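Engineer: If it helps, the file is called target.csv and holds CSV, C-alpha atoms and all ligand atoms:
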```
chain,number,residue,atom,x,y,z
A,9,MET,CA,-3.3,0.5,-33.4
A,10,ALA,CA,-2.0,0.7,-29.8
A,11,PRO,CA,-4.4,-0.2,-27.0
A,12,GLU,CA,-6.0,2.4,-24.8
A,13,VAL,CA,-5.4,0.3,-21.7
A,14,ILE,CA,-3.7,-3.0,-21.0
A,15,THR,CA,-5.3,-5.5,-18.8
A,16,LEU,CA,-4.2,-9.0,-17.8
A,17,SER,CA,-6.7,-11.8,-18.2
A,18,SER,CA,-5.2,-13.7,-15.3
A,19,PHE,CA,-5.4,-10.9,-12.7
A,20,ALA,CA,-8.1,-9.0,-10.8
A,21,THR,CA,-11.0,-9.8,-13.2
A,22,HIS,CA,-14.7,-9.1,-12.7
A,23,ALA,CA,-15.0,-12.9,-12.0
A,24,ASP,CA,-12.5,-12.3,-9.1
A,25,GLY,CA,-14.6,-9.4,-7.8
A,26,ALA,CA,-12.1,-6.8,-9.0
A,27,GLU,CA,-11.0,-4.8,-12.1
A,28,HIS,CA,-7.7,-3.2,-13.1
A,29,PHE,CA,-5.9,-1.5,-16.0
A,30,PHE,CA,-2.5,-0.2,-17.0
A,31,GLY,CA,-2.7,3.0,-18.9
A,32,THR,CA,-1.0,3.9,-22.2
A,33,ARG,CA,-0.5,7.2,-23.8
A,34,LEU,CA,-3.9,6.8,-25.5
A,35,SER,CA,-5.8,6.4,-22.2
A,36,ALA,CA,-8.3,9.0,-21.3
A,37,VAL,CA,-8.4,8.5,-17.5
A,38,PRO,CA,-8.7,11.9,-15.9
A,39,VAL,CA,-7.3,12.1,-12.4
A,40,THR,CA,-6.4,15.0,-10.2
A,41,PRO,CA,-3.6,14.2,-7.7
A,42,GLY,CA,-4.8,14.7,-4.2
A,43,ARG,CA,-8.5,14.7,-5.0
A,44,ALA,CA,-11.0,11.8,-5.3
A,45,SER,CA,-13.0,12.3,-8.5
A,46,ALA,CA,-15.8,10.6,-10.4
A,47,HIS,CA,-14.4,7.7,-12.4
A,48,GLY,CA,-16.4,8.3,-15.5
A,49,ALA,CA,-14.7,5.5,-17.5
A,50,GLU,CA,-17.8,3.5,-18.2
A,51,ARG,CA,-16.9,3.2,-21.9
A,52,GLN,CA,-13.9,1.1,-20.8
A,53,GLY,CA,-16.3,-1.3,-19.0
A,54,HIS,CA,-15.1,-0.1,-15.5
A,55,ARG,CA,-17.6,-0.1,-12.7
A,56,ALA,CA,-15.7,1.7,-9.9
A,57,ALA,CA,-17.5,5.0,-9.1
A,58,VAL,CA,-14.7,7.0,-7.5
A,59,ILE,CA,-11.0,7.2,-8.7
A,60,LEU,CA,-8.2,8.3,-6.4
A,61,SER,CA,-4.8,9.7,-7.3
A,62,VAL,CA,-2.4,11.3,-4.9
A,63,LYS,CA,0.9,13.2,-5.0
A,64,GLN,CA,3.9,10.8,-5.4
A,65,VAL,CA,7.2,11.4,-3.7
A,66,HIS,CA,9.4,8.4,-4.6
A,67,GLY,CA,9.1,7.2,-1.0
A,68,THR,CA,7.7,4.0,0.5
A,69,ASP,CA,4.7,5.3,2.5
A,70,ALA,CA,1.3,3.9,1.8
A,71,LEU,CA,-2.1,5.7,2.1
A,72,VAL,CA,-4.6,3.2,3.6
A,73,VAL,CA,-8.2,4.0,2.7
A,74,ASP,CA,-10.5,1.9,4.9
A,75,ARG,CA,-13.6,4.0,4.9
A,76,PRO,CA,-15.9,5.2,2.1
A,77,VAL,CA,-14.6,8.1,0.0
A,78,GLU,CA,-16.8,10.8,-1.6
A,79,GLN,CA,-16.1,12.5,-4.9
A,80,GLY,CA,-14.3,15.7,-4.3
A,81,GLU,CA,-12.6,14.6,-1.1
A,82,MET,CA,-9.0,15.9,-0.7
A,83,PHE,CA,-5.9,13.9,0.3
A,84,GLU,CA,-3.1,16.2,1.1
A,85,GLY,CA,0.3,14.6,1.4
A,86,GLY,CA,2.5,12.3,-0.6
A,87,TRP,CA,2.3,8.6,-0.9
A,88,ASP,CA,3.6,6.1,-3.4
A,89,ALA,CA,1.3,3.3,-2.5
A,90,LEU,CA,-2.5,3.3,-2.1
A,91,VAL,CA,-4.3,0.5,-0.3
A,92,THR,CA,-8.0,0.0,0.1
A,93,ASN,CA,-10.7,-2.5,1.1
A,94,GLN,CA,-13.5,-0.2,-0.1
A,95,PRO,CA,-15.5,-1.5,-3.1
A,96,GLY,CA,-16.1,1.0,-5.9
A,97,LEU,CA,-12.9,3.0,-5.1
A,98,MET,CA,-10.3,2.8,-7.9
A,99,VAL,CA,-6.8,3.5,-6.5
A,100,THR,CA,-4.3,4.6,-9.1
A,101,VAL,CA,-0.7,5.5,-9.6
A,102,ARG,CA,0.9,7.6,-12.4
A,103,THR,CA,4.1,6.4,-14.2
A,104,ALA,CA,6.2,7.0,-17.2
A,105,ASP,CA,9.2,4.6,-16.9
A,106,CYS,CA,8.7,3.8,-13.2
A,107,VAL,CA,6.9,0.5,-12.6
A,108,PRO,CA,3.2,0.5,-11.8
A,109,VAL,CA,2.5,-2.5,-9.5
A,110,LEU,CA,-1.0,-3.7,-8.6
A,111,LEU,CA,-1.9,-6.1,-5.7
A,112,HIS,CA,-5.1,-8.0,-5.1
A,113,ASP,CA,-6.1,-10.3,-2.3
A,114,PRO,CA,-9.4,-11.8,-3.3
A,115,VAL,CA,-9.7,-13.6,0.1
A,116,GLN,CA,-9.5,-10.6,2.4
A,117,ARG,CA,-10.8,-8.3,-0.4
A,118,VAL,CA,-8.1,-5.7,-0.5
A,119,VAL,CA,-6.2,-4.0,-3.3
A,120,ALA,CA,-3.2,-1.8,-3.7
A,121,ALA,CA,-1.6,0.4,-6.4
A,122,ILE,CA,2.1,1.1,-6.1
A,123,HIS,CA,4.5,3.5,-7.9
A,124,ALA,CA,7.9,1.9,-7.9
A,125,GLY,CA,10.8,3.8,-9.5
A,126,TRP,CA,14.3,2.6,-8.7
A,127,ARG,CA,14.4,4.7,-5.5
A,128,GLY,CA,11.1,3.3,-4.2
A,129,ALA,CA,11.9,-0.2,-5.3
A,130,VAL,CA,15.4,-0.2,-3.6
A,131,ALA,CA,13.8,1.2,-0.5
A,132,GLY,CA,11.4,-1.7,-0.5
A,133,ILE,CA,8.1,-0.2,-1.3
A,134,VAL,CA,6.7,-3.5,-2.8
A,135,PRO,CA,7.6,-5.8,0.2
A,136,LYS,CA,6.5,-3.1,2.6
A,137,THR,CA,3.1,-2.8,0.9
A,138,VAL,CA,2.6,-6.6,0.9
A,139,ALA,CA,3.5,-6.6,4.6
A,140,LEU,CA,0.9,-3.9,5.1
A,141,LEU,CA,-1.8,-6.0,3.5
A,142,ALA,CA,-1.0,-8.7,6.0
A,143,SER,CA,-0.7,-6.5,9.1
A,144,ARG,CA,-3.7,-4.2,8.4
A,145,PHE,CA,-6.1,-6.5,6.6
A,146,GLY,CA,-5.0,-10.0,7.6
A,147,ALA,CA,-3.9,-11.0,4.1
A,148,ARG,CA,-2.0,-14.2,3.8
A,149,VAL,CA,1.0,-13.7,1.5
A,150,GLU,CA,0.1,-16.8,-0.5
A,151,ASP,CA,-3.3,-15.4,-1.4
A,152,VAL,CA,-1.8,-12.1,-2.8
A,153,ARG,CA,-1.8,-11.7,-6.5
A,154,MET,CA,0.5,-9.1,-8.2
A,155,ALA,CA,0.6,-7.5,-11.6
A,156,ILE,CA,3.6,-5.6,-12.8
A,157,GLY,CA,2.9,-3.1,-15.5
A,158,PRO,CA,4.8,-1.5,-18.4
A,159,SER,CA,8.0,0.4,-17.5
A,160,ALA,CA,11.4,1.2,-18.7
A,161,GLY,CA,12.7,-2.2,-19.8
A,162,PRO,CA,16.0,-4.0,-19.5
A,163,CYS,CA,16.6,-3.2,-23.2
A,164,CYS,CA,16.8,0.5,-22.5
A,165,TYR,CA,17.0,1.4,-18.8
A,166,GLU,CA,20.6,2.5,-18.3
A,167,VAL,CA,21.6,3.3,-14.7
A,168,ASP,CA,24.9,4.4,-13.2
A,169,GLU,CA,27.1,3.7,-10.2
A,170,PRO,CA,25.0,5.5,-7.5
A,171,VAL,CA,22.0,3.4,-8.4
A,172,LEU,CA,24.0,0.2,-8.7
A,173,THR,CA,25.6,0.8,-5.4
A,174,ARG,CA,22.2,1.2,-3.7
A,175,LEU,CA,21.0,-1.9,-5.4
A,176,ARG,CA,24.0,-4.0,-4.3
A,177,ASP,CA,23.5,-2.8,-0.7
A,178,VAL,CA,20.0,-4.0,-0.4
A,179,PHE,CA,19.6,-6.9,-2.8
A,180,PRO,CA,21.9,-10.0,-2.7
A,181,GLU,CA,20.6,-11.2,-6.1
A,182,TRP,CA,21.4,-7.9,-7.8
A,183,HIS,CA,23.5,-9.7,-10.4
A,184,SER,CA,20.3,-11.3,-11.8
A,185,VAL,CA,18.6,-8.0,-12.7
A,186,VAL,CA,21.5,-6.0,-14.2
A,187,SER,CA,23.5,-6.4,-17.4
A,188,PRO,CA,26.7,-4.4,-17.5
A,189,VAL,CA,27.3,-1.9,-20.3
A,190,ASP,CA,30.7,-0.7,-19.1
A,191,ALA,CA,32.6,-0.2,-15.8
A,192,GLN,CA,30.2,2.4,-14.6
A,193,THR,CA,26.9,1.7,-16.2
A,194,ALA,CA,24.5,-1.2,-16.6
A,195,HIS,CA,21.0,-1.9,-17.8
A,196,LEU,CA,18.6,-2.5,-15.0
A,197,ASP,CA,15.5,-4.8,-15.2
A,198,LEU,CA,13.3,-2.9,-12.8
A,199,ARG,CA,10.3,-5.2,-13.4
A,200,ALA,CA,12.4,-8.3,-12.7
A,201,PHE,CA,13.8,-6.7,-9.5
A,202,VAL,CA,10.3,-6.0,-8.2
A,203,ARG,CA,9.2,-9.5,-9.1
A,204,ARG,CA,12.2,-11.0,-7.2
A,205,GLN,CA,11.5,-8.9,-4.2
A,206,ALA,CA,7.9,-10.2,-4.2
A,207,LEU,CA,9.1,-13.8,-4.4
A,208,ARG,CA,11.4,-13.2,-1.5
A,209,GLU,CA,8.5,-11.8,0.4
A,210,GLY,CA,6.6,-15.1,-0.1
A,211,LEU,CA,4.3,-14.4,-3.1
A,212,GLU,CA,3.8,-17.4,-5.3
A,213,ALA,CA,5.5,-17.3,-8.7
A,214,GLU,CA,2.3,-18.2,-10.6
A,215,ARG,CA,0.4,-15.4,-8.9
A,216,ILE,CA,2.8,-12.7,-10.3
A,217,ALA,CA,2.0,-11.5,-13.8
A,218,THR,CA,4.2,-9.1,-15.7
A,219,VAL,CA,3.4,-6.9,-18.8
A,220,ASP,CA,6.5,-7.3,-20.9
A,221,ALA,CA,6.5,-3.8,-22.5
A,222,CYS,CA,9.1,-1.1,-22.4
A,223,THR,CA,8.0,2.5,-22.1
A,224,ILE,CA,11.3,3.8,-23.6
A,225,CYS,CA,11.4,1.9,-26.9
A,226,GLN,CA,7.6,1.9,-27.6
A,227,PRO,CA,6.9,5.6,-28.2
A,228,GLU,CA,3.7,5.0,-30.0
A,229,VAL,CA,2.2,3.3,-26.9
A,230,PHE,CA,3.8,4.9,-23.9
A,231,PHE,CA,5.1,8.2,-22.5
A,232,SER,CA,8.7,8.0,-21.3
A,233,TYR,CA,10.7,10.5,-19.2
A,234,ARG,CA,13.9,9.0,-20.4
A,235,ARG,CA,13.1,9.2,-24.1
A,236,GLU,CA,11.3,12.5,-24.1
A,237,GLY,CA,13.6,14.2,-21.6
A,238,VAL,CA,10.8,16.1,-20.0
A,239,VAL,CA,7.7,15.3,-17.9
A,240,LYS,CA,5.2,15.5,-20.8
A,241,ALA,CA,2.6,13.3,-19.3
A,242,THR,CA,2.1,10.2,-17.3
A,243,MET,CA,0.1,7.1,-17.6
A,244,VAL,CA,-2.5,6.1,-15.1
A,245,SER,CA,-2.9,2.6,-13.8
A,246,GLY,CA,-5.4,1.4,-11.3
A,247,ILE,CA,-7.3,-1.3,-9.5
A,248,ALA,CA,-10.6,-1.5,-7.7
A,249,LEU,CA,-12.8,-4.0,-5.8
A,250,LEU,CA,-16.2,-4.3,-7.4
A,251,SER,CA,-19.2,-3.2,-5.3
B,301,ZN,ZN,13.3,-0.7,-24.4
```
Spell out the structure here as structure tokens.
Structural biologist:
Amino acid sequence: MAPEVITLSSFATHADGAEHFFGTRLSAVPVTPGRASAHGAERQGHRAAVILSVKQVHGTDALVVDRPVEQGEMFEGGWDALVTNQPGLMVTVRTADCVPVLLHDPVQRVVAAIHAGWRGAVAGIVPKTVALLASRFGARVEDVRMAIGPSAGPCCYEVDEPVLTRLRDVFPEWHSVVSPVDAQTAHLDLRAFVRRQALREGLEAERIATVDACTICQPEVFFSYRREGVVKATMVSGIALLS
């Protein structure tokens, strides 16, 4: 039986003053993009009262929420990272092959949820969001914890020359995250790419956890754009500071 949500025991626990989850296709986490809603996931043991999801645009901009949010509040615009220091507010992203990345600084008490597809990852959304935690909230990079969720895996995620060209342009260690298939295509390990970007940004290796699960080859657990060929549904992943 597949799990409803995946949580990491080493990351953002209640003992750390936080909670998090990575969704699966069996999750019942209702969100409306652009609207803060009641969390209503008590049965999963979550305490956050309000859950926020916004329109995603495969960019690198972050929405910073540094004031209390009421249920029903609207957020018009597109962002691929949500950052908050507000306890009780669950910030979420929706994915189905892209990488959901969660950040937690237990010292400055700030969390972030990031939607990192190849475009956002190549454009640096993860390092940019880590830098934002530092500039806006005084986070020290060595205090920041990261969890990298289920996504298209290196076993299945085939990319072609335009993607590889962009990757080579921005990432000197690109060799370490691709395995060639033929002259024009390769398998990309998007999770490893995100992890290496975080290491280059100064995060400590032992503070980065990865869920080693592929959305494409585990159809009983995950939705996948690649496998299903259409946008059937997405999985919600989120993180909150406890009140
Ligand atoms: Zn796979």
Engineer: Output the neighbourhood of ligand ZN 301 (chain B) as a list in words, that is, all protein and nucleic acid residues with some atom at most 12 Å from the ligand, counting all atoms listed in the file.
Structural biologist: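 Sorted by chain and then by number, the residues are Asp105, Pro158, Ser159, Ala160, Gly161, Pro162, Cys163, Cys164, Tyr165, Glu166, His195, Leu196, Asp197, Leu198, Asp220, Ala221, Cys222, Thr223, Ile224, Cys225, Gln226, Pro227, Phe230, Ser232, Arg234 and Arg235 of chain A.
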Engineer: Within 9 Å of (-3.0, 16.5, -10.3), all atoms listed in the file: residues as a list in words?
Structural biologist: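 Protein, DNA and RNA residues close to (-3.0, 16.5, -10.3): Val39, Thr40, Pro41, Gly42, Arg43, Ser61, Val62 and Lys63 of chain A.
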Engineer: Find the residue from A:Glu209, A:Glu169, A:Asp69, A:Asp177 that sits nearest to Ala191 (chain A); use only C-alpha atoms when measuring.
Structural biologist: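 The answer is A:Glu169, which sits nearest to Ala191 (chain A).
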Engineer: Can you list, as an MDAnalysis selection string, every protein, DNA or RNA residue that comes within 12 Å of Trp182 (chain A) when you count all atoms listed in the file, leaving out same-chain residues fewer than 4 positions away?
Structural biologist: chainID A and resid 130 171:178 186:188 194:198 200:202 204:205
Engineer: Go ahead and compute the interatomic distance for CA of Leu250 (chain A) and CA of Ala120 (chain A), in Å to one decimal.
Structural biologist: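 For CA of Leu250 (chain A) relative to CA of Ala120 (chain A), the distance reads 13.7 Å.
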Engineer: Using only C-alpha atoms, which of A:Arg102, A:Arg75, A:Arg55, A:His28 sits nearest Phe231 (chain A)?
Structural biologist: A:Arg102
Engineer: Find the residue from A:Gly128, A:Pro114, A:Gly237, A:Pro108 that sits nearest to Thr218 (chain A); use all atoms listed in the file when measuring.
Structural biologist: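 For Thr218 (chain A), the nearest of the candidates is A:Pro108.
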Engineer: What is the distance between CA of His123 (chain A) and CA of Val107 (chain A), in Å to one decimal?
Structural biologist: 6.1 Å
